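Some notes on the structure that comes next.
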Amino acid sequence: MDVKPLGDRLLVEVLDAEEKSKGGIVLPDTAKEKPQQGKVLAVGSGKYVDGKLLPLDVKKGDVVLYGKYSGTELKMDDRQLLMLKEEDVLAIIVK
Amino acid sequence: MDVKPLGDRLLVEVLDAEEKSKGGIVLPDTAKEKPQQGKVLAVGSGKYVDGKLLPLDVKKGDVVLYGKYSGTELKMDDRQLLMLKEEDVLAIIVK
Amino acid sequence: MDVKPLGDRLLVEVLDAEEKSKGGIVLPDTAKEKPQQGKVLAVGSGKYVDGKLLPLDVKKGDVVLYGKYSGTELKMDDRQLLMLKEEDVLAIIVK
Amino acid sequence: MDVKPLGDRLLVEVLDAEEKSKGGIVLPDTAKEKPQQGKVLAVGSGKYVDGKLLPLDVKKGDVVLYGKYSGTELKMDDRQLLMLKEEDVLAIIVK
Amino acid sequence: MDVKPLGDRLLVEVLDAEEKSKGGIVLPDTAKEKPQQGKVLAVGSGKYVDGKLLPLDVKKGDVVLYGKYSGTELKMDDRQLLMLKEEDVLAIIVK
Amino acid sequence: MDVKPLGDRLLVEVLDAEEKSKGGIVLPDTAKEKPQQGKVLAVGSGKYVDGKLLPLDVKKGDVVLYGKYSGTELKMDDRQLLMLKEEDVLAIIVK
Amino acid sequence: MDVKPLGDRLLVEVLDAEEKSKGGIVLPDTAKEKPQQGKVLAVGSGKYVDGKLLPLDVKKGDVVLYGKYSGTELKMDDRQLLMLKEEDVLAIIVK
């Protein structure tokens with residue numbers, strides 16, 4: 001079974017604290033809007049810019065930073081998933 | 001009798017819990033905005049992008065995920081139906 | 001005497017409950033936003049899409065579904081009429 | 001002395017109840033947003049659509065339906081006038 | 001010393017009641033949004049429509065009607081002035 | 001050290017009351033939104049209009065009128081500075 | 001490990017008070033919206049203007065002024081970082 005995000009949406013798997021500490025980025029408790037990390041499982045067909053369909057900047061397999069209150073949660077086989085729009089993605093973590 | 005959605009709208013039949021558990025996706029009780037699943041019965045003529053009419057990405061027969069508070073409910077011959085806009089659709093479930 | 005809707009507007013005659021039950025669609029009492037049915041009496045000259053005037057998708061004679069709180073009511077010779085914008089129309093009922 | 005509306009605006013003279021009853025349209029007391037009738041005295045130079053100036057669909061002399069709370073009232077020689085935008089006009093009454 | 005309005009702005013001198021009564025337009029006390037009259041002292045370079053700079057429809061010397069709560073007041077040599085945007089102007093009074 | 005405003009922004013030095021009274025413009029205490037005067041120290045690279053980068057209408061050295069609550073204050077070597085967007089500028093004072 | 005901002009976003013390292021006082025700009029305590037200074041560590045691929053992807057005006061290494069409540073905080077190896085959108089940047093400090 002597969003989930004195919006629509007348009008400018010993407011499906012990420014939420015990364016837990018342990019995995020995040022390995023990555024070296026610590027999010028402060030006092031942060032106004034704490035970003036989270038997730039691994040991209042699937043991306044939509046793209047976004048329309050001035051009438052042309054462009055692929056998303058985010059690819060399957062990327063680890064992304066996104067705002068804490070972004071997206072729609074879902075759960076599949078005990079994995080914590082999230083549907084995001086690309087505009088909710090702050091940055092890609094490159095290791 | 002038939003219902004023909006207008007423009008970027010689609011008509012879905014709401015899938016109940018049993019059908020959903022077969023699909024493997026469980027939506028957590030604590031989710032901020034719980035997505036629902038539905039089967040697409042009909043789609044509109046399409047959306048305008050920069051002056052061109054493009055067909056919707058969602059087709060008749062697709063099973064789609066959508067936000068809980070999206071759309072307008074209606075009932076026909078005891079089936080629970082919903083009129084959605086394509087932008088309310090988060091993803092297509094491919095089995 | 002005639003009423004000619006402007007632009008993307010249309011004039012519908014509200015269909016009462018009896019006429020609707022014949023149509024097979026029952027709108028649940030618990031629906032968040034109950035759609036209504038109406039028969040299109042007249043449509044405007046069209047909508048502008050990227051600078052071009054396109055005719056509306058709805059035609060005179062169509063039976064349409066629309067949201068309960070849409071439009072502006074008026075009464076003519078004891079008939080209940082409603083001025084809608086095409087974007088208020090959810091779907092066309094084809095029998 | 002003359003009043004020349006700007007752009008997509010028009011000047012109407014408000015029609016009173018007696019004149020309206022002759023027209024055959026009665027506006028119900030329970031209407032959510034009661035439309036009014038007025039006679040168009042002057043129209044602006046037009047509206048810009050995708051960079052082109054198009055004349056308004058409403059002409060001098062038309063009798064129009066408009067929403068009750070639309071426009072800006074003014075009074076000239078005891079006549080009740082109203083400045084409207086064309087988008088406030090619901091329909092033209094053709095007799 | 002001179003005040004040069006920017007873009008789609010204009011500078012008007014507010015006309016007082018006596019001057020207005022000469023003009024024949026009386027604004028009712030019960031009006032929802034009472035329009036005011038002013039004389040245009042200077043206009044900006046124009047407005048951009050689809051990428052082209054077009055001159056304003058209002059010219060220096062015009063007497064204009066505008067909504068009561070529009071614009072920014074200033075005072076110069078005891079004259080009451082007002083900075084408006086062209087969209088705040090309802091109509092030009094032609095005598 | 002220099003401050004280079006971005007895009008459609010400009011840096012102004014706030015002019016105090018004495019300098020303003022010389023200019024002949026007095027802002028009434030009862031004004032709804034009192035405009036202020038400032039001298040332009042630097043302007044951004046311009047604004048995008050329909051995809052083309054156009055220089056700002058305001059130049060370095062201009063004295064400008066702007067709304068009282070516009071912009072972001074900063075202080076440099078005891079001078080009171082303000083970062084504005086060009087749309088916050090009402091007019092240029094030409095002496 | 002590297003953080004690659006998306007689109008029109010940039011990653012800045014927040015500069016503390018001491019570093020700022022060297023720069024000569026003092027931000028008043030009474031300022032309505034106090035701007036902050038940061039050093040740009042990375043910028044996104046650019047912004048879309050009328051369908052064309054243009055590079056950002058801000059480059060890696062620039063010292064920028066931004067509004068106090070802008071962006072999303074994160075922390076990496078004890079450095080205070082911030083994800084901003086280019087529109088949050090008021091000016092570039094050139095020394």
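Ligands are numbered from 1 in the order shown, residues from 1 within each chain, and chains are lettered A, B, ... in the order they appear in the structure tokens.
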Report as JSON lines the residues of chain C within 7 Å of chain D, each with its shortest atom pair and distance in Å (one decimal), using only C-alpha atoms, ordered by chain and increasing residue number.
{"residue": "C:Met1", "atom": "CA", "partner": "D:Lys95", "partner_atom": "CA", "distance": 4.2}
{"residue": "C:Asp2", "atom": "CA", "partner": "D:Val94", "partner_atom": "CA", "distance": 4.8}
{"residue": "C:Val3", "atom": "CA", "partner": "D:Ile93", "partner_atom": "CA", "distance": 4.7}
{"residue": "C:Lys4", "atom": "CA", "partner": "D:Ile92", "partner_atom": "CA", "distance": 5.0}
{"residue": "C:Pro5", "atom": "CA", "partner": "D:Ala91", "partner_atom": "CA", "distance": 4.1}
{"residue": "C:Leu6", "atom": "CA", "partner": "D:Ala91", "partner_atom": "CA", "distance": 5.1}
{"residue": "C:Asp50", "atom": "CA", "partner": "D:Asp50", "partner_atom": "CA", "distance": 6.3}
{"residue": "C:Gly51", "atom": "CA", "partner": "D:Asp50", "partner_atom": "CA", "distance": 4.8}
{"residue": "C:Thr72", "atom": "CA", "partner": "D:Glu33", "partner_atom": "CA", "distance": 5.9}
{"residue": "C:Glu73", "atom": "CA", "partner": "D:Ala31", "partner_atom": "CA", "distance": 5.7}
{"residue": "C:Leu74", "atom": "CA", "partner": "D:Leu27", "partner_atom": "CA", "distance": 5.2}
{"residue": "C:Lys75", "atom": "CA", "partner": "D:Val26", "partner_atom": "CA", "distance": 5.3}
{"residue": "C:Met76", "atom": "CA", "partner": "D:Ile25", "partner_atom": "CA", "distance": 4.7}
{"residue": "C:Asp77", "atom": "CA", "partner": "D:Gly24", "partner_atom": "CA", "distance": 6.8}
Write out as a list of chain:residue names the residues lying within 9 Å of F:Lys47, counting only C-alpha atoms and excluding same-chain residues fewer than 3 positions away.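 Selected residues are F:Gly7, F:Asp8, F:Arg9, F:Gly44, F:Lys52, F:Leu53, F:Leu54, F:Pro55, F:Leu56, F:Glu86.
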Step one, run DSSP on the backbone; step two, keep only residues of chain D assigned to alpha helix (DSSP H); then write them as a list in words.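 Residues meeting the alpha helix (DSSP H) criterion: Ala17, Glu18, Glu19, Lys20, Ser21, Lys22 and Gly23 of chain D.
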As JSON, numbers by chain, which residues of chain E does DSSP assign to strand (DSSP E or B)? {"E": [2, 3, 4, 5, 9, 10, 11, 12, 13, 14, 25, 26, 35, 36, 37, 38, 39, 40, 41, 42, 43, 47, 48, 49, 52, 53, 54, 63, 64, 65, 66, 67, 72, 73, 74, 75, 76, 79, 80, 81, 82, 83, 84, 85, 89, 90, 91, 92, 93, 94]}
Atom CA of F:Leu84 sits from atom CA of F:Val43 at a separation of 9.5 Å
Excluding B:Met83 and its own-chain neighbours fewer than 2 positions away, which residues fall within 6 Å of it when counting only C-alpha atoms? Please give them as a ChimeraX atom specification. /B:10-11,71-72
Resulting file, chosen residues, all heavy atoms, as a short mmCIF file (atom, residue, chain, number, x, y, z; two decimals), in the first residue's frame:
data_model
loop_
_atom_site.label_atom_id
_atom_site.label_comp_id
_atom_site.auth_asym_id
_atom_site.auth_seq_id
_atom_site.Cartn_x
_atom_site.Cartn_y
_atom_site.Cartn_z
N LEU B 10 -15.10 17.50 -6.29
CA LEU B 10 -15.28 16.07 -6.51
C LEU B 10 -16.27 15.53 -5.49
O LEU B 10 -16.44 16.10 -4.42
CB LEU B 10 -13.96 15.30 -6.43
CG LEU B 10 -13.00 15.50 -5.26
CD1 LEU B 10 -12.28 14.19 -4.97
CD2 LEU B 10 -11.99 16.59 -5.60
N LEU B 11 -16.91 14.43 -5.86
CA LEU B 11 -17.88 13.77 -4.98
C LEU B 11 -17.25 12.49 -4.48
O LEU B 11 -16.80 11.66 -5.28
CB LEU B 11 -19.16 13.46 -5.79
CG LEU B 11 -20.29 12.76 -5.02
CD1 LEU B 11 -20.92 13.71 -4.01
CD2 LEU B 11 -21.35 12.25 -5.99
N GLY B 71 -15.37 19.99 3.16
CA GLY B 71 -16.47 19.63 2.29
C GLY B 71 -17.87 19.80 2.85
O GLY B 71 -18.07 20.30 3.95
N THR B 72 -18.85 19.38 2.04
CA THR B 72 -20.28 19.51 2.34
C THR B 72 -20.91 18.13 2.26
O THR B 72 -20.86 17.47 1.23
CB THR B 72 -20.94 20.43 1.28
OG1 THR B 72 -20.23 21.66 1.24
CG2 THR B 72 -22.39 20.70 1.63
#
Using atom CA of D:Val12 and atom CA of E:Val12 as the two end points, give the distance in Å to one decimal.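 Going from atom CA of D:Val12 over to atom CA of E:Val12, I get 25.5 Å.
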Using atom CA of B:Lys59 and atom CA of B:Gly38 as the two end points, give the distance in Å to one decimal. 12.4 Å
Do you know which residues are at most 6 Å from G:Glu13 counting only C-alpha atoms, after dropping those on the same chain fewer than 2 positions away, and could you put them as a VMD selection string? chain G and resid 38 to 39 80 to 81
Export of prior selection with N, CA, C and O atoms as a CSV table (one decimal), in the first residue's frame:
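The file below, result.csv, is the result:
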chain,number,residue,atom,x,y,z
G,38,GLY,N,22.1,39.7,12.2
G,38,GLY,CA,22.5,38.3,12.1
G,38,GLY,C,23.4,38.2,10.9
G,38,GLY,O,23.4,39.0,10.0
G,39,LYS,N,24.3,37.1,10.9
G,39,LYS,CA,25.2,36.8,9.8
G,39,LYS,C,24.6,35.7,9.0
G,39,LYS,O,24.2,34.6,9.5
G,80,GLN,N,23.4,30.1,18.1
G,80,GLN,CA,22.0,30.5,18.0
G,80,GLN,C,21.7,30.8,16.5
G,80,GLN,O,22.2,31.8,16.0
G,81,LEU,N,20.8,30.0,15.9
G,81,LEU,CA,20.5,30.2,14.5
G,81,LEU,C,19.1,30.5,14.3
G,81,LEU,O,18.2,30.4,15.2
